[in-house]
file input_21.cif (mmCIF, C-alpha atoms, pLDDT in the B column; chains and numbers go by the auth columns)
data_query
#
loop_
_atom_site.group_PDB
_atom_site.id
_atom_site.type_symbol
_atom_site.label_atom_id
_atom_site.label_comp_id
_atom_site.label_asym_id
_atom_site.label_seq_id
_atom_site.Cartn_x
_atom_site.Cartn_y
_atom_site.Cartn_z
_atom_site.B_iso_or_equiv
_atom_site.auth_seq_id
_atom_site.auth_asym_id
ATOM 1 C CA MET A 1 -131.297 -62.069 26.267 40.00 1 K
ATOM 2 C CA MET A 2 -128.768 -63.469 28.690 44.00 2 K
ATOM 3 C CA GLN A 3 -126.846 -66.624 27.837 44.00 3 K
ATOM 4 C CA ALA A 4 -128.133 -68.442 30.936 45.00 4 K
ATOM 5 C CA ASP A 5 -131.766 -67.836 29.916 49.00 5 K
ATOM 6 C CA TRP A 6 -131.317 -70.183 26.961 51.00 6 K
ATOM 7 C CA ASP A 7 -129.862 -73.212 28.746 64.00 7 K
ATOM 8 C CA ILE A 8 -131.639 -76.524 28.309 66.00 8 K
ATOM 9 C CA LYS A 9 -131.666 -78.493 31.527 76.00 9 K
ATOM 10 C CA SER A 10 -132.328 -82.241 31.510 84.00 10 K
ATOM 11 C CA ARG A 11 -134.314 -83.963 34.212 87.00 11 K
ATOM 12 C CA ALA A 12 -132.237 -85.614 36.883 92.00 12 K
ATOM 13 C CA HIS A 13 -132.289 -89.307 37.643 94.00 13 K
ATOM 14 C CA GLN A 14 -132.007 -88.749 41.383 95.00 14 K
ATOM 15 C CA CYS A 15 -133.362 -86.339 43.990 96.00 15 K
ATOM 16 C CA ALA A 16 -131.299 -83.151 44.318 94.00 16 K
ATOM 17 C CA ARG A 17 -131.777 -83.112 48.103 93.00 17 K
ATOM 18 C CA THR A 18 -131.774 -86.745 49.240 95.00 18 K
ATOM 19 C CA GLY A 19 -129.858 -88.536 46.474 95.00 19 K
ATOM 20 C CA TYR A 20 -132.739 -91.026 46.065 96.00 20 K
ATOM 21 C CA GLU A 21 -132.506 -92.720 42.650 96.00 21 K
ATOM 22 C CA PHE A 22 -135.827 -92.272 40.875 96.00 22 K
ATOM 23 C CA GLN A 23 -137.536 -95.495 39.813 95.00 23 K
ATOM 24 C CA GLU A 24 -139.845 -95.907 36.840 94.00 24 K
ATOM 25 C CA GLY A 25 -143.304 -94.605 37.789 95.00 25 K
ATOM 26 C CA ASP A 26 -142.118 -92.493 40.763 96.00 26 K
ATOM 27 C CA PHE A 27 -143.631 -89.044 40.991 96.00 27 K
ATOM 28 C CA PHE A 28 -141.199 -86.182 41.477 96.00 28 K
ATOM 29 C CA TYR A 29 -141.295 -82.393 41.525 95.00 29 K
ATOM 30 C CA THR A 30 -139.227 -80.089 39.347 93.00 30 K
ATOM 31 C CA LEU A 31 -138.402 -76.621 40.660 91.00 31 K
ATOM 32 C CA LEU A 32 -137.024 -73.922 38.412 89.00 32 K
ATOM 33 C CA VAL A 33 -135.238 -71.374 40.622 85.00 33 K
ATOM 34 C CA ARG A 34 -133.632 -68.098 39.593 84.00 34 K
ATOM 35 C CA ALA A 35 -129.873 -68.334 40.147 81.00 35 K
ATOM 36 C CA GLY A 36 -127.946 -65.175 39.443 81.00 36 K
ATOM 37 C CA GLU A 37 -128.849 -64.147 35.895 81.00 37 K
ATOM 38 C CA GLY A 38 -130.131 -67.589 34.887 82.00 38 K
ATOM 39 C CA PHE A 39 -132.066 -70.540 36.227 84.00 39 K
ATOM 40 C CA ARG A 40 -131.256 -73.669 38.214 87.00 40 K
ATOM 41 C CA ARG A 41 -133.375 -76.805 37.926 91.00 41 K
ATOM 42 C CA GLU A 42 -133.887 -79.094 40.922 92.00 42 K
ATOM 43 C CA ASP A 43 -135.736 -82.400 40.755 94.00 43 K
ATOM 44 C CA LEU A 44 -137.075 -83.523 44.133 94.00 44 K
ATOM 45 C CA CYS A 45 -138.568 -86.801 45.298 96.00 45 K
ATOM 46 C CA GLU A 46 -141.951 -86.531 47.008 95.00 46 K
ATOM 47 C CA GLN A 47 -140.366 -86.759 50.474 94.00 47 K
ATOM 48 C CA ALA A 48 -137.988 -83.864 49.759 94.00 48 K
ATOM 49 C CA TRP A 49 -140.876 -81.875 48.275 93.00 49 K
ATOM 50 C CA GLU A 50 -142.920 -82.336 51.468 91.00 50 K
ATOM 51 C CA ASN A 51 -139.919 -81.362 53.650 91.00 51 K
ATOM 52 C CA ARG A 52 -138.820 -78.351 51.570 86.00 52 K
ATOM 53 C CA ASN A 53 -138.351 -74.875 53.012 80.00 53 K
ATOM 54 C CA ASP A 54 -141.547 -72.951 52.227 75.00 54 K
ATOM 55 C CA ASN A 55 -139.578 -69.679 52.288 75.00 55 K
ATOM 56 C CA MET A 56 -137.976 -70.574 48.956 74.00 56 K
ATOM 57 C CA VAL A 57 -140.416 -69.631 46.188 81.00 57 K
ATOM 58 C CA PRO A 58 -139.495 -71.198 42.836 86.00 58 K
ATOM 59 C CA PHE A 59 -139.865 -69.362 39.520 86.00 59 K
ATOM 60 C CA SER A 60 -141.909 -72.350 38.328 88.00 60 K
ATOM 61 C CA PHE A 61 -142.597 -75.910 39.504 91.00 61 K
ATOM 62 C CA TRP A 62 -144.450 -78.991 38.324 93.00 62 K
ATOM 63 C CA ARG A 63 -145.036 -82.649 39.167 94.00 63 K
ATOM 64 C CA SER A 64 -144.066 -85.426 36.756 94.00 64 K
ATOM 65 C CA LYS A 65 -143.880 -89.196 36.603 94.00 65 K
ATOM 66 C CA TYR A 66 -140.335 -90.495 36.167 94.00 66 K
ATOM 67 C CA GLU A 67 -139.573 -92.497 33.067 91.00 67 K
ATOM 68 C CA PRO A 68 -136.035 -93.787 32.592 89.00 68 K
ATOM 69 C CA PRO A 69 -134.294 -92.459 29.491 85.00 69 K
ATOM 70 C CA ALA A 70 -134.598 -94.479 26.323 82.00 70 K
ATOM 71 C CA PRO A 71 -131.365 -96.018 25.112 80.00 71 K
ATOM 72 C CA PRO A 72 -129.573 -93.758 22.655 70.00 72 K
ATOM 73 C CA PRO A 73 -129.994 -94.528 18.974 66.00 73 K
ATOM 74 C CA PRO A 74 -127.140 -96.535 17.452 57.00 74 K
ATOM 75 C CA GLU A 75 -125.785 -93.525 15.577 43.00 75 K
ATOM 76 C CA ALA A 76 -127.008 -90.007 16.068 40.00 76 K
ATOM 77 C CA LEU A 77 -127.564 -88.245 12.762 38.00 77 K
ATOM 78 C CA ALA A 78 -127.752 -84.494 12.359 41.00 78 K
ATOM 79 C CA ARG A 79 -131.384 -83.505 12.711 42.00 79 K
ATOM 80 C CA ASP A 80 -132.557 -80.973 10.173 45.00 80 K
ATOM 81 C CA ASP A 81 -135.985 -80.520 11.635 84.00 81 K
ATOM 82 C CA ALA A 82 -137.593 -77.881 13.847 88.00 82 K
ATOM 83 C CA GLU A 83 -136.294 -79.464 17.068 90.00 83 K
ATOM 84 C CA GLY A 84 -132.722 -79.696 15.805 88.00 84 K
ATOM 85 C CA LEU A 85 -132.815 -76.117 14.556 90.00 85 K
ATOM 86 C CA LEU A 86 -134.245 -74.863 17.857 92.00 86 K
ATOM 87 C CA ARG A 87 -131.479 -76.632 19.768 89.00 87 K
ATOM 88 C CA ARG A 88 -128.801 -75.109 17.522 89.00 88 K
ATOM 89 C CA LEU A 89 -130.282 -71.608 17.856 90.00 89 K
ATOM 90 C CA ILE A 90 -130.516 -71.929 21.635 88.00 90 K
ATOM 91 C CA ALA A 91 -126.915 -73.156 21.843 87.00 91 K
ATOM 92 C CA GLY A 92 -125.804 -70.223 19.673 86.00 92 K
ATOM 93 C CA SER A 93 -127.636 -67.762 21.964 80.00 93 K
ATOM 94 C CA ASP A 94 -127.899 -65.155 19.180 85.00 94 K
ATOM 95 C CA PRO A 95 -130.371 -62.468 20.356 86.00 95 K
ATOM 96 C CA SER A 96 -131.352 -61.780 16.729 88.00 96 K
ATOM 97 C CA ARG A 97 -132.818 -65.320 16.594 90.00 97 K
ATOM 98 C CA LYS A 98 -135.163 -64.785 19.588 91.00 98 K
ATOM 99 C CA ASN A 99 -138.218 -64.538 17.311 94.00 99 K
ATOM 100 C CA ALA A 100 -137.242 -67.686 15.395 94.00 100 K
ATOM 101 C CA CYS A 101 -136.785 -69.614 18.676 93.00 101 K
ATOM 102 C CA TYR A 102 -140.252 -68.528 19.747 93.00 102 K
ATOM 103 C CA ILE A 103 -141.892 -69.675 16.484 93.00 103 K
ATOM 104 C CA LEU A 104 -139.984 -72.989 16.551 93.00 104 K
ATOM 105 C CA ALA A 105 -141.104 -73.592 20.150 93.00 105 K
ATOM 106 C CA LEU A 106 -144.715 -72.929 19.123 91.00 106 K
ATOM 107 C CA MET A 107 -144.341 -75.357 16.205 91.00 107 K
ATOM 108 C CA LEU A 108 -143.008 -78.046 18.554 93.00 108 K
ATOM 109 C CA GLU A 109 -145.793 -77.322 21.053 93.00 109 K
ATOM 110 C CA ARG A 110 -148.383 -77.857 18.300 91.00 110 K
ATOM 111 C CA LYS A 111 -146.679 -81.146 17.406 89.00 111 K
ATOM 112 C CA LYS A 112 -146.944 -82.070 21.109 92.00 112 K
ATOM 113 C CA MET A 113 -143.153 -82.403 21.405 91.00 113 K
ATOM 114 C CA LEU A 114 -142.956 -79.521 23.907 94.00 114 K
ATOM 115 C CA ARG A 115 -145.363 -78.994 26.776 95.00 115 K
ATOM 116 C CA PRO A 116 -145.828 -75.438 28.081 95.00 116 K
ATOM 117 C CA LEU A 117 -145.428 -74.966 31.812 93.00 117 K
ATOM 118 C CA GLU A 118 -146.569 -72.102 34.012 91.00 118 K
ATOM 119 C CA SER A 119 -144.167 -69.209 34.355 88.00 119 K
ATOM 120 C CA SER A 120 -144.339 -66.398 36.897 88.00 120 K
ATOM 121 C CA ASP A 121 -142.509 -64.118 34.455 90.00 121 K
ATOM 122 C CA PRO A 122 -144.533 -63.147 31.355 89.00 122 K
ATOM 123 C CA GLU A 123 -141.278 -62.362 29.525 90.00 123 K
ATOM 124 C CA MET A 124 -140.125 -65.992 29.778 91.00 124 K
ATOM 125 C CA LEU A 125 -141.788 -69.116 28.378 92.00 125 K
ATOM 126 C CA VAL A 126 -141.019 -72.437 30.043 93.00 126 K
ATOM 127 C CA TYR A 127 -141.365 -75.716 28.152 94.00 127 K
ATOM 128 C CA GLU A 128 -140.714 -79.351 28.996 93.00 128 K
ATOM 129 C CA HIS A 129 -139.693 -81.774 26.243 93.00 129 K
ATOM 130 C CA VAL A 130 -142.265 -84.570 26.534 91.00 130 K
ATOM 131 C CA VAL A 131 -139.796 -87.350 25.674 90.00 131 K
ATOM 132 C CA THR A 132 -136.550 -86.288 27.362 90.00 132 K
ATOM 133 C CA GLY A 133 -137.939 -84.182 30.209 91.00 133 K
ATOM 134 C CA GLU A 134 -135.552 -81.348 29.359 91.00 134 K
ATOM 135 C CA THR A 135 -136.560 -77.843 30.391 91.00 135 K
ATOM 136 C CA LEU A 136 -136.333 -75.043 27.848 91.00 136 K
ATOM 137 C CA VAL A 137 -136.636 -71.397 28.861 90.00 137 K
ATOM 138 C CA ILE A 138 -137.315 -69.112 25.913 91.00 138 K
ATOM 139 C CA GLY A 139 -137.789 -65.350 25.873 89.00 139 K
ATOM 140 C CA ASN A 140 -141.253 -64.164 24.861 91.00 140 K
ATOM 141 C CA PRO A 141 -140.685 -61.675 22.024 93.00 141 K
ATOM 142 C CA ARG A 142 -144.306 -60.447 22.159 92.00 142 K
ATOM 143 C CA LEU A 143 -144.701 -60.626 18.394 91.00 143 K
ATOM 144 C CA SER A 144 -147.544 -58.713 16.807 91.00 144 K
ATOM 145 C CA LEU A 145 -149.763 -60.425 14.237 91.00 145 K
ATOM 146 C CA GLU A 146 -148.072 -58.328 11.544 93.00 146 K
ATOM 147 C CA GLN A 147 -144.610 -59.665 12.498 93.00 147 K
ATOM 148 C CA ILE A 148 -145.490 -63.370 12.484 90.00 148 K
ATOM 149 C CA PRO A 149 -145.471 -63.947 8.674 92.00 149 K
ATOM 150 C CA ASP A 150 -141.952 -62.480 8.384 93.00 150 K
ATOM 151 C CA VAL A 151 -140.676 -64.663 11.231 92.00 151 K
ATOM 152 C CA GLN A 152 -142.376 -67.718 9.712 90.00 152 K
ATOM 153 C CA ARG A 153 -140.555 -67.023 6.436 91.00 153 K
ATOM 154 C CA GLU A 154 -137.281 -66.643 8.366 91.00 154 K
ATOM 155 C CA VAL A 155 -137.854 -69.995 10.081 89.00 155 K
ATOM 156 C CA GLY A 156 -138.780 -71.617 6.757 87.00 156 K
ATOM 157 C CA ALA A 157 -135.581 -70.300 5.201 89.00 157 K
ATOM 158 C CA LEU A 158 -133.535 -71.544 8.166 87.00 158 K
ATOM 159 C CA LEU A 159 -135.134 -74.977 7.942 84.00 159 K
ATOM 160 C CA GLY A 160 -134.514 -75.027 4.175 80.00 160 K
ATOM 161 C CA ALA A 161 -130.900 -73.962 4.674 64.00 161 K
ATOM 162 C CA GLU A 162 -130.416 -76.722 7.220 57.00 162 K
ATOM 163 C CA ALA A 163 -131.581 -79.430 4.818 48.00 163 K
#

call {"tool": "encode", "arguments": {"input": "input_21.cif", "output": "structure tokens"}}
result
Amino acid sequence: MMQADWDIKSRAHQCARTGYEFQEGDFFYTLLVRAGEGFRREDLCEQAWENRNDNMVPFSFWRSKYEPPAPPPPEALARDDAEGLLRRLIAGSDPSRKNACYILALMLERKKMLRPLESSDPEMLVYEHVVTGETLVIGNPRLSLEQIPDVQREVGALLGAEA
């Protein structure tokens, strides 16, 4: 897995093409475009979306309603939960943790913290964090049913070690 495939990209607060500052309740479009060996995220206002060049075909795109970011908590504590572990594994970009990242993403999807998005590449899973709007691109390890219990134990051990 390439380093760029693991980047988490936050939603923008303004249109990538026009500079328009998104307001609460505005609809905007997010395009995920292949850029070299990774991905580039572009958030477009509706006007820029309507005026885009149809020759550019994004890897994935979706429409969202803009919500301004919540104020940061007074003091960020280390998070020893599935989301915190997934973020640390993604930042570490260790290919041997690809299976664990996949299981953690599924756990967070079941908890409705991550929302799956359509992907034109079956080898890549695209998620949007429902609170922050961040985009996560995770490799699909194509685990067999026989492999899942071992990976679940690995994730359990990692979560236990993090506590």

call {"tool": "closest_residue", "arguments": {"input": "input_21.cif", "among": "K:Asn51, K:Leu106, K:Glu67, K:Gly139", "to": "Gln14 in chain K", "atoms": "all atoms listed in the file"}}
result
K:Glu67

call {"tool": "closest_residue", "arguments": {"input": "input_21.cif", "among": "K:Asp43, K:Glu134, K:Asp81, K:Asp150", "to": "Asn99 in chain K", "atoms": "all atoms listed in the file"}}
result
K:Asp150

call {"tool": "closest_atom_pairs", "arguments": {"input": "input_21.cif", "of": "range 101-122 of chain K", "to": "range 84-91 of chain K", "cutoff": "8 Å", "atoms": "only C-alpha atoms", "output": "CSV"}}
result
residue,atom,partner,partner_atom,distance
K:Cys101,CA,K:Leu86,CA,5.9
K:Leu104,CA,K:Leu86,CA,6.2
K:Ala105,CA,K:Leu86,CA,7.3

call {"tool": "write_last_selection", "arguments": {"input": "input_21.cif", "atoms": "C-alpha atoms", "output": "PDB file, in the coordinates of the input"}}
result
ATOM      1  CA  CYS K 101    -136.785 -69.614  18.676  1.00 93.00           C
ATOM      2  CA  LEU K 104    -139.984 -72.989  16.551  1.00 93.00           C
ATOM      3  CA  ALA K 105    -141.104 -73.592  20.150  1.00 93.00           C
TER       4      ALA K 105
END

call {"tool": "closest_residue", "arguments": {"input": "input_21.cif", "among": "K:Val131, K:Val126, K:Ala100, K:Ile148", "to": "Lys112 in chain K", "atoms": "all atoms listed in the file"}}
result
K:Val131

call {"tool": "closest_residue", "arguments": {"input": "input_21.cif", "among": "K:Arg97, K:His129, K:Arg110, K:Lys65", "to": "Lys9 in chain K", "atoms": "all atoms listed in the file"}}
result
K:His129

call {"tool": "closest_atom_pairs", "arguments": {"input": "input_21.cif", "of": "range 22-43 of chain K", "to": "range 59-64 of chain K", "cutoff": "8 Å", "atoms": "only C-alpha atoms", "output": "tab-separated table"}}
result
residue	atom	partner	partner_atom	distance
K:Phe27	CA	K:Ser64	CA	5.6
K:Phe28	CA	K:Ser64	CA	5.6
K:Tyr29	CA	K:Arg63	CA	4.4
K:Thr30	CA	K:Phe61	CA	5.4
K:Leu31	CA	K:Phe61	CA	4.4
K:Leu32	CA	K:Ser60	CA	5.1
K:Val33	CA	K:Phe59	CA	5.2
K:Arg34	CA	K:Phe59	CA	6.4

call {"tool": "write_last_selection", "arguments": {"input": "input_21.cif", "atoms": "C-alpha atoms", "output": "short mmCIF file (atom, residue, chain, number, x, y, z; two decimals), in the frame of the given file"}}
result
data_model
loop_
_atom_site.label_atom_id
_atom_site.label_comp_id
_atom_site.auth_asym_id
_atom_site.auth_seq_id
_atom_site.Cartn_x
_atom_site.Cartn_y
_atom_site.Cartn_z
CA PHE K 27 -143.63 -89.04 40.99
CA PHE K 28 -141.20 -86.18 41.48
CA TYR K 29 -141.29 -82.39 41.52
CA THR K 30 -139.23 -80.09 39.35
CA LEU K 31 -138.40 -76.62 40.66
CA LEU K 32 -137.02 -73.92 38.41
CA VAL K 33 -135.24 -71.37 40.62
CA ARG K 34 -133.63 -68.10 39.59
#

call {"tool": "atom_distance", "arguments": {"input": "input_21.cif", "atom1": "CA of Thr132 in chain K", "atom2": "CA of Met113 in chain K"}}
result
9.7 Å

call {"tool": "closest_residue", "arguments": {"input": "input_21.cif", "among": "K:Val155, K:Leu114, K:Leu136, K:Met107", "to": "Arg41 in chain K", "atoms": "all atoms listed in the file"}}
result
K:Leu136

call {"tool": "residues_around", "arguments": {"input": "input_21.cif", "residues": "Pro69 in chain K", "least_positions_apart": "6", "cutoff": "12 Å", "atoms": "only C-alpha atoms", "output": "short mmCIF file (atom, residue, chain, number, x, y, z; two decimals) with C-alpha atoms, in the frame of the given file"}}
result
data_model
loop_
_atom_site.label_atom_id
_atom_site.label_comp_id
_atom_site.auth_asym_id
_atom_site.auth_seq_id
_atom_site.Cartn_x
_atom_site.Cartn_y
_atom_site.Cartn_z
CA SER K 10 -132.33 -82.24 31.51
CA ARG K 11 -134.31 -83.96 34.21
CA ALA K 12 -132.24 -85.61 36.88
CA HIS K 13 -132.29 -89.31 37.64
CA PHE K 22 -135.83 -92.27 40.88
CA GLN K 23 -137.54 -95.50 39.81
CA GLU K 24 -139.84 -95.91 36.84
CA VAL K 130 -142.26 -84.57 26.53
CA VAL K 131 -139.80 -87.35 25.67
CA THR K 132 -136.55 -86.29 27.36
CA GLY K 133 -137.94 -84.18 30.21
CA GLU K 134 -135.55 -81.35 29.36
#

call {"tool": "resolve_selection", "arguments": {"input": "input_21.cif", "expression": "the PyMOL selection byres ((chain K and resi 119) around 10)", "output": "mmCIF file with C-alpha atoms, keeping the file's coordinate frame"}}
result
data_model
loop_
_atom_site.group_PDB
_atom_site.id
_atom_site.type_symbol
_atom_site.label_atom_id
_atom_site.label_comp_id
_atom_site.auth_asym_id
_atom_site.auth_seq_id
_atom_site.Cartn_x
_atom_site.Cartn_y
_atom_site.Cartn_z
ATOM 1 C CA LEU K 32 -137.024 -73.922 38.412
ATOM 2 C CA PRO K 58 -139.495 -71.198 42.836
ATOM 3 C CA PHE K 59 -139.865 -69.362 39.520
ATOM 4 C CA SER K 60 -141.909 -72.350 38.328
ATOM 5 C CA PHE K 61 -142.597 -75.910 39.504
ATOM 6 C CA PRO K 116 -145.828 -75.438 28.081
ATOM 7 C CA LEU K 117 -145.428 -74.966 31.812
ATOM 8 C CA GLU K 118 -146.569 -72.102 34.012
ATOM 9 C CA SER K 120 -144.339 -66.398 36.897
ATOM 10 C CA ASP K 121 -142.509 -64.118 34.455
ATOM 11 C CA PRO K 122 -144.533 -63.147 31.355
ATOM 12 C CA GLU K 123 -141.278 -62.362 29.525
ATOM 13 C CA MET K 124 -140.125 -65.992 29.778
ATOM 14 C CA LEU K 125 -141.788 -69.116 28.378
ATOM 15 C CA VAL K 126 -141.019 -72.437 30.043
ATOM 16 C CA TYR K 127 -141.365 -75.716 28.152
ATOM 17 C CA VAL K 137 -136.636 -71.397 28.861
#

call {"tool": "atom_distance", "arguments": {"input": "input_21.cif", "atom1": "CA of Ala82 in chain K", "atom2": "CA of Arg142 in chain K"}}
result
20.4 Å

call {"tool": "closest_residue", "arguments": {"input": "input_21.cif", "among": "K:Ala35, K:Arg40, K:Leu143, K:Trp49", "to": "Thr18 in chain K", "atoms": "all atoms listed in the file"}}
result
K:Trp49

call {"tool": "axis_aligned_box", "arguments": {"input": "input_21.cif", "around": "range 83-88 of chain K", "padding_each_side": "3 Å", "output": "lines of an AutoDock Vina configuration file"}}
result
center_x = -132.5
center_y = -77.3
center_z = 17.2
size_x = 13.5
size_y = 10.8
size_z = 11.2

call {"tool": "atom_distance", "arguments": {"input": "input_21.cif", "atom1": "CA of Phe39 in chain K", "atom2": "CA of Ala70 in chain K"}}
result
26.0 Å

call {"tool": "decode", "arguments": {"input": "input_21.cif", "residues": "range 60-132 of chain K", "atoms": "C-alpha atoms", "output": "PDB file, in the first residue's frame"}}
result
ATOM      1  CA  SER K  60     -15.450   9.153  -6.425  1.00  0.00           C
ATOM      2  CA  PHE K  61     -17.806  12.053  -5.669  1.00  0.00           C
ATOM      3  CA  TRP K  62     -20.698  12.847  -3.361  1.00  0.00           C
ATOM      4  CA  ARG K  63     -22.968  15.687  -2.259  1.00  0.00           C
ATOM      5  CA  SER K  64     -23.081  16.853   1.360  1.00  0.00           C
ATOM      6  CA  LYS K  65     -24.602  19.588   3.476  1.00  0.00           C
ATOM      7  CA  TYR K  66     -22.003  21.863   5.061  1.00  0.00           C
ATOM      8  CA  GLU K  67     -21.868  22.012   8.824  1.00  0.00           C
ATOM      9  CA  PRO K  68     -19.267  24.256  10.436  1.00  0.00           C
ATOM     10  CA  PRO K  69     -16.762  22.421  12.620  1.00  0.00           C
ATOM     11  CA  ALA K  70     -17.570  22.076  16.286  1.00  0.00           C
ATOM     12  CA  PRO K  71     -15.264  23.978  18.599  1.00  0.00           C
ATOM     13  CA  PRO K  72     -12.368  21.830  19.766  1.00  0.00           C
ATOM     14  CA  PRO K  73     -12.654  20.256  23.195  1.00  0.00           C
ATOM     15  CA  PRO K  74     -10.859  22.165  25.956  1.00  0.00           C
ATOM     16  CA  GLU K  75      -8.080  19.588  26.175  1.00  0.00           C
ATOM     17  CA  ALA K  76      -7.630  16.757  23.747  1.00  0.00           C
ATOM     18  CA  LEU K  77      -6.936  13.487  25.525  1.00  0.00           C
ATOM     19  CA  ALA K  78      -5.359  10.470  23.886  1.00  0.00           C
ATOM     20  CA  ARG K  79      -8.166   8.337  22.518  1.00  0.00           C
ATOM     21  CA  ASP K  80      -7.760   4.642  23.156  1.00  0.00           C
ATOM     22  CA  ASP K  81     -10.758   3.575  21.166  1.00  0.00           C
ATOM     23  CA  ALA K  82     -11.249   2.122  17.688  1.00  0.00           C
ATOM     24  CA  GLU K  83     -11.195   5.545  16.003  1.00  0.00           C
ATOM     25  CA  GLY K  84      -7.992   6.621  17.734  1.00  0.00           C
ATOM     26  CA  LEU K  85      -6.310   3.324  16.910  1.00  0.00           C
ATOM     27  CA  LEU K  86      -7.397   3.530  13.264  1.00  0.00           C
ATOM     28  CA  ARG K  87      -5.976   7.043  13.001  1.00  0.00           C
ATOM     29  CA  ARG K  88      -2.654   5.932  14.509  1.00  0.00           C
ATOM     30  CA  LEU K  89      -2.422   2.917  12.182  1.00  0.00           C
ATOM     31  CA  ILE K  90      -3.219   5.044   9.136  1.00  0.00           C
ATOM     32  CA  ALA K  91      -0.613   7.632  10.151  1.00  0.00           C
ATOM     33  CA  GLY K  92       1.950   4.848  10.622  1.00  0.00           C
ATOM     34  CA  SER K  93       1.172   3.467   7.136  1.00  0.00           C
ATOM     35  CA  ASP K  94       2.446  -0.012   8.081  1.00  0.00           C
ATOM     36  CA  PRO K  95       1.335  -2.428   5.318  1.00  0.00           C
ATOM     37  CA  SER K  96       1.206  -5.278   7.859  1.00  0.00           C
ATOM     38  CA  ARG K  97      -1.675  -3.429   9.586  1.00  0.00           C
ATOM     39  CA  LYS K  98      -3.859  -3.268   6.432  1.00  0.00           C
ATOM     40  CA  ASN K  99      -6.181  -5.998   7.748  1.00  0.00           C
ATOM     41  CA  ALA K 100      -6.514  -4.299  11.144  1.00  0.00           C
ATOM     42  CA  CYS K 101      -7.368  -0.963   9.458  1.00  0.00           C
ATOM     43  CA  TYR K 102     -10.069  -2.714   7.462  1.00  0.00           C
ATOM     44  CA  ILE K 103     -11.653  -4.331  10.549  1.00  0.00           C
ATOM     45  CA  LEU K 104     -11.472  -1.051  12.507  1.00  0.00           C
ATOM     46  CA  ALA K 105     -13.158   0.796   9.623  1.00  0.00           C
ATOM     47  CA  LEU K 106     -15.930  -1.821   9.588  1.00  0.00           C
ATOM     48  CA  MET K 107     -16.353  -1.437  13.359  1.00  0.00           C
ATOM     49  CA  LEU K 108     -16.666   2.343  12.986  1.00  0.00           C
ATOM     50  CA  GLU K 109     -19.096   1.911  10.082  1.00  0.00           C
ATOM     51  CA  ARG K 110     -21.304  -0.299  12.277  1.00  0.00           C
ATOM     52  CA  LYS K 111     -21.178   2.364  14.999  1.00  0.00           C
ATOM     53  CA  LYS K 112     -22.266   4.876  12.325  1.00  0.00           C
ATOM     54  CA  MET K 113     -19.099   6.946  12.832  1.00  0.00           C
ATOM     55  CA  LEU K 114     -17.918   6.266   9.262  1.00  0.00           C
ATOM     56  CA  ARG K 115     -20.146   6.339   6.207  1.00  0.00           C
ATOM     57  CA  PRO K 116     -19.104   4.245   3.191  1.00  0.00           C
ATOM     58  CA  LEU K 117     -18.977   6.053  -0.129  1.00  0.00           C
ATOM     59  CA  GLU K 118     -18.950   4.636  -3.641  1.00  0.00           C
ATOM     60  CA  SER K 119     -15.560   3.779  -5.063  1.00  0.00           C
ATOM     61  CA  SER K 120     -14.741   3.008  -8.688  1.00  0.00           C
ATOM     62  CA  ASP K 121     -11.806   0.871  -7.538  1.00  0.00           C
ATOM     63  CA  PRO K 122     -12.791  -2.365  -5.748  1.00  0.00           C
ATOM     64  CA  GLU K 123      -9.343  -2.467  -4.118  1.00  0.00           C
ATOM     65  CA  MET K 124      -9.993   0.808  -2.268  1.00  0.00           C
ATOM     66  CA  LEU K 125     -12.710   1.600   0.276  1.00  0.00           C
ATOM     67  CA  VAL K 126     -13.727   5.227   0.721  1.00  0.00           C
ATOM     68  CA  TYR K 127     -15.292   6.452   3.961  1.00  0.00           C
ATOM     69  CA  GLU K 128     -16.458   9.823   5.240  1.00  0.00           C
ATOM     70  CA  HIS K 129     -16.325  10.574   8.970  1.00  0.00           C
ATOM     71  CA  VAL K 130     -19.897  11.621   9.783  1.00  0.00           C
ATOM     72  CA  VAL K 131     -18.869  14.271  12.330  1.00  0.00           C
ATOM     73  CA  THR K 132     -15.717  15.825  10.857  1.00  0.00           C
TER      74      THR K 132
END
